[in-house]
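Dropping query_28.cif in here (mmCIF, C-alpha atoms):
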data_my_file
loop_
_atom_site.label_atom_id
_atom_site.label_comp_id
_atom_site.auth_asym_id
_atom_site.auth_seq_id
_atom_site.Cartn_x
_atom_site.Cartn_y
_atom_site.Cartn_z
CA MET A 216 -34.52 -18.89 67.96
CA ALA A 217 -33.72 -15.29 68.85
CA VAL A 218 -33.87 -12.72 66.07
CA THR A 219 -30.13 -12.06 66.50
CA ALA A 220 -29.38 -15.64 65.47
CA PHE A 221 -30.18 -14.93 61.81
CA THR A 222 -27.29 -14.73 59.37
CA GLU A 223 -26.96 -11.77 57.04
CA GLU A 224 -28.00 -14.03 54.19
CA GLN A 225 -31.13 -15.16 56.02
CA ILE A 226 -32.14 -11.60 56.80
CA GLU A 227 -31.80 -10.76 53.12
CA ARG A 228 -33.45 -13.97 51.89
CA TYR A 229 -36.54 -13.52 54.08
CA SER A 230 -36.59 -9.70 54.06
CA ARG A 231 -39.84 -9.39 52.10
CA GLN A 232 -41.75 -11.38 54.69
CA ILE A 233 -39.82 -10.25 57.78
CA ILE A 234 -41.00 -6.69 57.05
CA LEU A 235 -44.60 -7.89 57.33
CA PRO A 236 -45.69 -6.96 60.87
CA GLU A 237 -47.53 -10.31 61.05
CA VAL A 238 -44.25 -12.16 60.49
CA GLY A 239 -41.27 -10.15 61.73
CA GLY A 240 -38.15 -11.73 63.15
CA ILE A 241 -40.11 -13.71 65.72
CA GLY A 242 -42.34 -15.20 63.04
CA GLN A 243 -39.38 -16.06 60.83
CA ALA A 244 -37.78 -17.86 63.75
CA LYS A 245 -41.04 -19.81 64.21
CA LEU A 246 -40.98 -20.81 60.54
CA LEU A 247 -37.37 -21.98 60.71
CA ALA A 248 -38.20 -24.06 63.78
CA ALA A 249 -41.42 -25.51 62.31
CA ARG A 250 -41.90 -29.09 61.13
CA VAL A 251 -44.50 -29.79 58.41
CA LEU A 252 -45.41 -33.13 56.84
CA VAL A 253 -46.68 -33.02 53.26
CA VAL A 254 -48.59 -36.13 52.20
CA GLY A 255 -48.16 -36.52 48.46
CA ALA A 256 -45.54 -34.90 46.23
CA GLY A 257 -48.00 -34.48 43.38
CA GLY A 258 -50.15 -31.65 42.06
CA LEU A 259 -50.97 -30.14 45.46
CA GLY A 260 -47.89 -31.27 47.36
CA SER A 261 -45.63 -29.57 44.81
CA PRO A 262 -46.76 -25.96 45.28
CA VAL A 263 -47.33 -26.46 49.01
CA ALA A 264 -43.82 -27.79 49.60
CA LEU A 265 -42.19 -25.22 47.30
CA TYR A 266 -43.80 -22.28 49.10
CA LEU A 267 -43.09 -23.71 52.55
CA ALA A 268 -39.45 -24.31 51.64
CA ALA A 269 -39.05 -20.87 50.08
CA ALA A 270 -40.57 -19.29 53.21
CA GLY A 271 -38.00 -21.06 55.36
CA VAL A 272 -40.04 -23.76 57.06
CA GLY A 273 -37.09 -25.56 58.60
CA SER A 274 -38.15 -29.21 58.44
CA ILE A 275 -40.38 -30.66 55.75
CA GLY A 276 -41.33 -34.32 55.49
CA ILE A 277 -42.51 -35.61 52.11
CA VAL A 278 -44.49 -38.84 51.90
CA ASP A 279 -44.87 -40.43 48.47
CA SER A 280 -44.20 -43.95 47.26
CA ASP A 281 -44.68 -43.20 43.55
CA CYS A 282 -42.15 -42.52 40.83
CA VAL A 283 -42.21 -39.53 38.48
CA ASP A 284 -44.16 -40.25 35.29
CA ILE A 285 -44.22 -37.99 32.24
CA SER A 286 -47.99 -37.45 32.69
CA ASN A 287 -47.23 -35.87 36.10
CA LEU A 288 -45.12 -33.02 34.77
CA GLN A 289 -48.02 -30.87 33.52
CA ARG A 290 -48.90 -30.02 37.15
CA GLN A 291 -46.40 -31.58 39.58
CA ILE A 292 -43.92 -28.73 39.44
CA LEU A 293 -41.50 -30.18 42.00
CA HIS A 294 -40.30 -32.57 39.32
CA GLY A 295 -38.75 -32.09 35.89
CA THR A 296 -38.06 -34.14 32.81
CA ALA A 297 -34.68 -35.20 34.21
CA ASP A 298 -36.50 -36.79 37.18
CA LEU A 299 -38.57 -39.24 35.13
CA GLY A 300 -38.52 -42.64 36.82
CA ARG A 301 -37.11 -41.30 40.11
CA GLN A 302 -38.99 -41.68 43.36
CA LYS A 303 -40.95 -38.49 43.88
CA CYS A 304 -39.92 -37.91 47.48
CA PHE A 305 -36.21 -37.91 46.55
CA SER A 306 -36.79 -35.68 43.53
CA ALA A 307 -38.76 -33.37 45.85
CA LYS A 308 -35.98 -33.31 48.44
CA GLU A 309 -33.44 -32.24 45.85
CA ALA A 310 -35.70 -29.51 44.41
CA LEU A 311 -36.64 -28.08 47.81
CA GLU A 312 -33.15 -28.07 49.28
CA SER A 313 -31.79 -26.41 46.15
CA ILE A 314 -34.28 -23.57 46.60
CA ASN A 315 -33.37 -23.06 50.23
CA PRO A 316 -30.40 -24.60 52.05
CA ASP A 317 -32.02 -23.65 55.40
CA VAL A 318 -34.55 -26.43 54.87
CA VAL A 319 -34.03 -30.07 55.82
CA VAL A 320 -36.29 -32.41 53.85
CA THR A 321 -37.00 -35.91 55.10
CA PRO A 322 -38.25 -38.25 52.35
CA TYR A 323 -40.66 -41.09 53.17
CA PRO A 324 -40.82 -43.41 50.12
CA VAL A 325 -43.67 -45.39 51.65
CA ARG A 326 -47.42 -45.73 51.38
CA LEU A 327 -49.08 -44.41 54.52
CA THR A 328 -50.93 -47.11 56.42
CA SER A 329 -52.64 -47.54 59.75
CA SER A 330 -49.39 -49.15 60.97
CA ASN A 331 -46.93 -46.37 60.12
CA ILE A 332 -48.83 -43.07 60.06
CA LEU A 333 -48.97 -42.29 63.78
CA GLU A 334 -45.22 -42.72 64.16
CA ILE A 335 -44.50 -40.56 61.11
CA ILE A 336 -46.81 -37.67 62.03
CA SER A 337 -45.57 -37.65 65.63
CA ASP A 338 -42.45 -35.80 64.40
CA TYR A 339 -44.42 -32.91 62.86
CA ASP A 340 -46.37 -29.84 63.99
CA VAL A 341 -48.72 -29.59 60.99
CA VAL A 342 -49.85 -32.09 58.33
CA VAL A 343 -50.86 -31.25 54.75
CA ASP A 344 -53.09 -33.62 52.79
CA GLY A 345 -52.19 -33.54 49.12
CA SER A 346 -53.00 -37.19 48.49
CA ASP A 347 -55.00 -38.48 45.53
CA ASN A 348 -57.30 -41.17 46.94
CA PHE A 349 -60.07 -41.55 49.49
CA PRO A 350 -58.50 -44.26 51.71
CA THR A 351 -55.45 -42.03 52.35
CA ARG A 352 -57.63 -38.99 52.99
CA TYR A 353 -59.68 -40.77 55.69
CA LEU A 354 -56.51 -42.32 57.15
CA VAL A 355 -54.73 -38.94 57.39
CA ASN A 356 -57.83 -37.32 58.92
CA ASP A 357 -58.32 -39.98 61.56
CA ALA A 358 -54.63 -40.08 62.47
CA CYS A 359 -54.49 -36.28 62.83
CA VAL A 360 -57.62 -36.25 64.99
CA LEU A 361 -56.24 -39.02 67.22
CA ALA A 362 -52.83 -37.32 67.47
CA ALA A 363 -54.37 -33.82 67.81
CA LYS A 364 -52.36 -32.48 64.84
CA PRO A 365 -53.61 -29.58 62.71
CA LEU A 366 -54.33 -30.75 59.16
CA CYS A 367 -54.76 -28.68 56.04
CA HIS A 368 -56.89 -30.62 53.56
CA ALA A 369 -57.47 -29.93 49.88
CA GLY A 370 -58.85 -31.78 46.88
CA ILE A 371 -58.99 -30.89 43.19
CA LEU A 372 -60.73 -32.01 40.00
CA ARG A 373 -60.67 -30.38 36.57
CA PHE A 374 -60.93 -26.61 37.25
CA GLU A 375 -62.16 -26.89 40.85
CA GLY A 376 -60.71 -27.18 44.29
CA GLN A 377 -61.75 -27.28 47.94
CA VAL A 378 -59.64 -26.35 50.96
CA THR A 379 -60.39 -26.67 54.64
CA THR A 380 -58.28 -26.66 57.78
CA ILE A 381 -58.93 -29.16 60.52
CA ILE A 382 -57.86 -28.36 64.06
CA PRO A 383 -59.03 -31.25 66.22
CA GLY A 384 -61.33 -30.04 68.98
CA GLN A 385 -61.92 -26.66 67.32
CA GLY A 386 -64.11 -27.52 64.33
CA PRO A 387 -65.29 -30.24 61.99
CA CYS A 388 -62.96 -32.95 60.69
CA TYR A 389 -63.01 -34.51 57.22
CA ARG A 390 -65.42 -37.21 58.43
CA CYS A 391 -67.83 -34.56 59.75
CA LEU A 392 -67.96 -33.12 56.24
CA TYR A 393 -67.88 -36.38 54.31
CA PRO A 394 -68.91 -39.22 56.65
CA GLU A 395 -69.18 -41.89 53.97
CA PRO A 396 -66.71 -42.61 51.14
CA PRO A 397 -68.19 -42.87 47.65
CA PRO A 398 -68.63 -46.29 46.07
CA PRO A 399 -65.34 -47.34 44.45
CA GLY A 400 -65.02 -46.20 40.85
CA LEU A 401 -67.94 -43.77 40.94
CA MET A 402 -65.95 -40.57 41.42
CA PRO A 403 -63.68 -39.86 38.47
CA SER A 404 -60.03 -39.26 39.31
CA CYS A 405 -57.91 -36.54 37.69
CA GLN A 406 -56.63 -39.28 35.38
CA GLU A 407 -60.19 -39.87 34.18
CA ALA A 408 -61.74 -36.40 34.30
CA GLY A 409 -58.60 -34.30 33.92
CA VAL A 410 -57.19 -31.38 35.88
CA LEU A 411 -55.69 -28.08 34.84
CA GLY A 412 -52.18 -27.84 36.27
CA ALA A 413 -52.80 -24.30 37.44
CA THR A 414 -55.78 -25.53 39.52
CA ALA A 415 -53.30 -27.46 41.65
CA GLY A 416 -51.12 -24.35 41.82
CA VAL A 417 -53.89 -22.05 43.09
CA VAL A 418 -55.26 -24.55 45.59
CA GLY A 419 -51.82 -25.65 46.80
CA ALA A 420 -50.78 -22.03 47.33
CA ILE A 421 -53.88 -21.54 49.48
CA GLN A 422 -52.95 -24.63 51.51
CA ALA A 423 -49.42 -23.24 51.97
CA THR A 424 -50.91 -19.94 53.18
CA GLU A 425 -53.00 -21.82 55.74
CA VAL A 426 -49.96 -23.73 57.00
CA LEU A 427 -47.84 -20.58 57.32
CA LYS A 428 -50.68 -18.87 59.24
CA LEU A 429 -50.96 -21.85 61.57
CA ILE A 430 -47.22 -21.71 62.31
CA LEU A 431 -47.22 -17.92 62.68
CA GLU A 432 -50.45 -17.98 64.72
CA ILE A 433 -51.95 -15.19 62.62
CA GLY A 434 -55.22 -14.56 60.78
CA ASP A 435 -58.25 -16.80 60.57
CA CYS A 436 -57.76 -20.29 59.21
CA LEU A 437 -60.41 -22.25 57.31
CA VAL A 438 -61.61 -24.04 60.43
CA GLY A 439 -65.31 -24.82 60.09
CA ARG A 440 -65.22 -23.36 56.59
CA ILE A 441 -64.59 -24.74 53.11
CA LEU A 442 -63.00 -22.53 50.48
CA ILE A 443 -64.31 -23.43 47.03
CA TYR A 444 -62.20 -22.42 44.05
CA ASP A 445 -63.83 -22.49 40.61
CA GLY A 446 -61.34 -21.69 37.88
CA LEU A 447 -63.91 -21.59 35.07
CA ALA A 448 -66.14 -19.07 36.81
CA MET A 449 -62.98 -17.64 38.43
CA SER A 450 -64.66 -17.46 41.78
CA LEU A 451 -63.55 -18.08 45.33
CA ARG A 452 -66.28 -18.74 47.86
CA VAL A 453 -66.06 -19.64 51.52
CA VAL A 454 -68.95 -21.54 53.08
CA ARG A 455 -69.58 -22.47 56.67
CA VAL A 456 -69.67 -26.14 57.63
CA GLU A 457 -70.54 -27.68 60.95
CA ARG A 458 -68.99 -30.25 63.24
CA ASP A 459 -70.98 -33.47 63.55
CA ALA A 460 -71.55 -34.22 67.22
CA ALA A 461 -72.09 -37.87 66.19
CA CYS A 462 -68.81 -38.09 64.22
CA PRO A 463 -67.23 -41.49 64.96
CA ILE A 464 -63.73 -40.01 65.33
CA CYS A 465 -64.14 -36.45 66.68
CA GLY A 466 -67.72 -36.45 67.94
CA ASP A 467 -68.96 -36.15 71.51
CA SER A 468 -68.85 -39.94 72.01
CA PRO A 469 -66.36 -41.29 69.46
CA THR A 470 -66.87 -44.91 68.45
CA LEU A 471 -63.46 -45.23 66.78
CA ALA A 472 -60.69 -45.48 69.34
CA GLY A 473 -58.00 -46.23 66.77
CA LEU A 474 -57.24 -46.47 63.08
CA VAL A 475 -59.03 -48.99 60.87
CA ASP A 476 -58.44 -50.67 57.50
CA TYR A 477 -59.11 -47.79 55.12
CA GLU A 478 -59.08 -49.81 51.90
CA HIS A 479 -61.88 -51.85 53.45
CA PHE A 480 -63.68 -48.77 54.78
CA CYS A 481 -63.67 -47.28 51.28
CA GLY A 482 -65.02 -50.52 49.85
CA LEU A 483 -61.96 -51.24 47.77
CA ALA A 484 -61.43 -54.73 49.15
CA ALA A 485 -65.07 -55.63 48.46
CA ALA A 486 -64.91 -54.14 44.96
CA GLU A 487 -61.81 -56.16 44.09
CA GLU A 488 -63.45 -59.34 45.34
CA GLN A 489 -66.49 -58.61 43.21
CA GLU A 490 -64.31 -58.06 40.15
CA TYR A 491 -62.89 -61.55 40.47
CA GLU A 492 -66.23 -63.27 41.09
CA MET B 271 -94.68 -31.25 47.02
CA SER B 272 -95.31 -27.53 47.05
CA GLU B 273 -94.96 -25.48 43.91
CA CYS B 274 -92.19 -22.98 43.43
CA ASN B 275 -93.25 -20.23 41.05
CA GLY B 276 -89.85 -18.98 39.88
CA GLY B 277 -86.62 -20.83 39.49
CA VAL B 278 -84.29 -22.55 41.89
CA THR B 279 -80.66 -22.54 40.77
CA VAL B 280 -78.69 -25.67 41.59
CA ARG B 281 -74.92 -25.13 41.60
CA LEU B 282 -73.09 -28.38 41.00
CA HIS B 283 -69.53 -29.18 41.99
CA GLY B 284 -66.85 -31.78 41.40
CA ALA B 285 -67.81 -35.15 39.97
CA LEU B 286 -71.51 -34.26 39.86
CA ARG B 287 -70.80 -31.21 37.71
CA HIS B 288 -68.71 -33.44 35.46
CA ALA B 289 -71.48 -36.07 35.24
CA VAL B 290 -74.22 -33.53 34.48
CA GLY B 291 -71.99 -31.51 32.16
CA THR B 292 -72.93 -28.06 33.42
CA ARG B 293 -72.20 -25.82 36.41
CA ASP B 294 -75.73 -24.61 37.09
CA VAL B 295 -79.11 -26.23 36.57
CA VAL B 296 -82.26 -24.13 36.89
CA LEU B 297 -85.38 -25.96 38.05
CA SER B 298 -88.54 -24.01 37.52
CA ASP B 299 -91.26 -26.30 38.73
CA GLY B 300 -92.23 -28.77 41.39
CA VAL B 301 -89.56 -28.17 43.94
CA GLY B 302 -90.54 -27.50 47.52
CA THR B 303 -87.56 -29.02 49.31
CA ILE B 304 -83.94 -29.89 48.63
CA GLY B 305 -85.09 -33.52 48.45
CA ASP B 306 -87.32 -32.58 45.48
CA VAL B 307 -84.34 -30.90 43.83
CA LEU B 308 -82.20 -34.00 44.29
CA HIS B 309 -84.89 -36.33 42.89
CA LEU B 310 -85.32 -34.15 39.81
CA LEU B 311 -81.59 -34.01 39.21
CA ALA B 312 -81.29 -37.78 39.53
CA GLU B 313 -84.23 -38.34 37.17
CA ARG B 314 -83.03 -35.95 34.50
CA HIS B 315 -79.29 -36.45 34.38
CA GLY B 316 -78.63 -40.14 34.10
CA GLU B 317 -77.63 -43.07 36.24
CA ARG B 318 -74.12 -41.90 37.08
CA ALA B 319 -75.39 -38.61 38.49
CA ALA B 320 -78.15 -40.47 40.34
CA ARG B 321 -75.60 -42.76 41.98
CA MET B 322 -73.71 -39.70 43.24
CA ILE B 323 -76.88 -38.40 44.87
CA PHE B 324 -78.60 -41.49 46.29
CA ASP B 325 -77.10 -44.56 47.92
CA ARG B 326 -78.12 -48.14 47.14
CA GLN B 327 -80.96 -47.93 49.66
CA GLY B 328 -82.36 -44.87 47.91
CA ASN B 329 -81.34 -42.49 50.70
CA VAL B 330 -79.59 -39.21 49.97
CA TRP B 331 -75.84 -39.92 50.09
CA ARG B 332 -74.55 -38.79 53.48
CA SER B 333 -71.46 -37.15 52.01
CA LEU B 334 -73.29 -34.51 50.02
CA ILE B 335 -72.84 -31.08 51.58
CA LEU B 336 -76.09 -29.23 50.91
CA LEU B 337 -76.19 -25.45 51.07
CA VAL B 338 -79.06 -23.02 50.61
CA ASN B 339 -77.83 -19.58 49.61
CA GLU B 340 -74.35 -20.59 50.84
CA GLU B 341 -75.55 -21.58 54.32
CA PRO B 342 -75.76 -25.19 55.57
CA ALA B 343 -79.19 -26.72 54.86
CA SER B 344 -80.24 -27.18 58.45
CA LEU B 345 -82.86 -29.86 57.75
CA GLY B 346 -80.88 -31.72 55.11
CA PRO B 347 -83.06 -32.94 52.22
CA ALA B 348 -86.17 -31.74 54.08
CA THR B 349 -84.96 -28.14 53.97
CA PRO B 350 -87.55 -25.99 52.14
CA VAL B 351 -86.50 -24.05 49.07
CA LYS B 352 -88.20 -21.12 47.40
CA SER B 353 -87.99 -19.22 44.16
CA GLY B 354 -84.71 -17.34 43.81
CA ASP B 355 -82.76 -19.69 46.09
CA THR B 356 -79.42 -21.12 45.06
CA ILE B 357 -78.77 -24.67 46.21
CA SER B 358 -75.13 -25.78 46.20
CA ILE B 359 -74.17 -29.43 46.29
CA LEU B 360 -70.60 -30.21 47.30
CA LEU B 361 -68.97 -33.62 46.96
CA PRO B 362 -65.56 -34.76 48.17
CA LEU B 363 -62.72 -34.36 45.68
CA ALA B 364 -60.10 -37.10 45.80
CA GLY B 365 -57.66 -35.51 43.38
CA GLY B 366 -54.39 -34.07 44.54
#

Whole structure given in structure tokens:
Amino acid sequence: MAVTAFTEEQIERYSRQIILPEVGGIGQAKLLAARVLVVGAGGLGSPVALYLAAAGVGSIGIVDSDCVDISNLQRQILHGTADLGRQKCFSAKEALESINPDVVVTPYPVRLTSSNILEIISDYDVVVDGSDNFPTRYLVNDACVLAAKPLCHAGILRFEGQVTTIIPGQGPCYRCLYPEPPPPGLMPSCQEAGVLGATAGVVGAIQATEVLKLILEIGDCLVGRILIYDGLAMSLRVVRVERDAACPICGDSPTLAGLVDYEHFCGLAAAEEQEYE
Amino acid sequence: MSECNGGVTVRLHGALRHAVGTRDVVLSDGVGTIGDVLHLLAERHGERAARMIFDRQGNVWRSLILLVNEEPASLGPATPVKSGDTISILLPLAGG
């Protein structure tokens, strides 16, 4: 899009970022033309999608099969009390498009699986992982590596968060960092251990910053680095992490040529069987 | 196991911090390597913490990111530690 194609309203709406030399009219045009898929419309997906929409990212896909529950509202700021019981991706679409009519939101009220993920991510330039379970996190990682899509990953618990950006071929992937999922039930979820809503806000805003930088091709993304946010100590640290040459999906001689059954990989199928024994 | 005269600070994260109930643990004796640190943590802080550190075969769980003074521990559990070092242990966070 040429700079001259902006409307008066767009120039005014985006003026505070267009005056940034790192953005400018060319950058704003890149944002309006960009396509970002946000996996999860929960604690992380909410701030990520809100900031991307407000910045004028033109096409945003939202994947979430859940409905809005009252226990979500303390941190999932895309949704309000009036949305209770609605499917999150439709509630998200309404909230995002009301903030910025330049944005087209595509809702995906489905659970991502090995069968549908490659087709869904093929329509997007960047993927954001704001999911809440290990099978989805490994699935999204592997699909992004196979499809060579940049992925911004984050996870949260209580007052803590981690963010890293995965650009296949340029640094470690999620499996390089965490090659083996934890035994089912060992790691407490936010439902069990709790999470401060603002933790999701801080960490999601950092993810949104990473995505905007990727689109704008500016700055240094968290490739080969993990940002660790600790809200109790109020510290932000960035540590270096290395690619695993033996990684089964992105290593020098990958042993995984395609997607697998991630419930099985994370031991969930085995755990359920054991429960019924 | 070589002796460490001062203290080694272990900075815990995520579910392990939650299981142990504190952000930092200071170990003042008997730690020559990160492996020693992990064994002491597992011994002192209960079964749940131990299961986050060691797998069923008794090996250090492959998904622990081990850092010495914020740099990757190049030798994994065999990485030597000395008095004044800070060991960070990162675990994956599922929450979103």

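Here atom CA of A:Pro350 and atom CA of B:Arg326 stand 20.5 Å from one another.
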
Selected residue, from B:Val301, B:Gly346, B:Val296, B:His315, that lies nearest to B:Trp331 when counting all atoms listed in the file: B:Gly346

- request: Tell me which protein, DNA and RNA residues are within 9 Å of B:Ser333, counting all atoms listed in the file, leaving out same-chain ones fewer than 4 positions away, and put them as a count of residues only.
  value: 11

message: Counting all atoms listed in the file, which residues sit no farther than 10 Å from the position (-47.3, -36.6, 49.4) in the file's frame? I'd like them as a PyMOL selection string.
response: (chain A and resi 252-261+264+276-281+303-304+307+322-327+343-347) or (chain B and resi 366)

- request: Could you list the residues in chain B lying within 12 Å of chain A, using all atoms listed in the file, and format the result as an MDAnalysis selection string?
  value: chainID B and resid 281:289 291:294 317:326 330:344 358:366
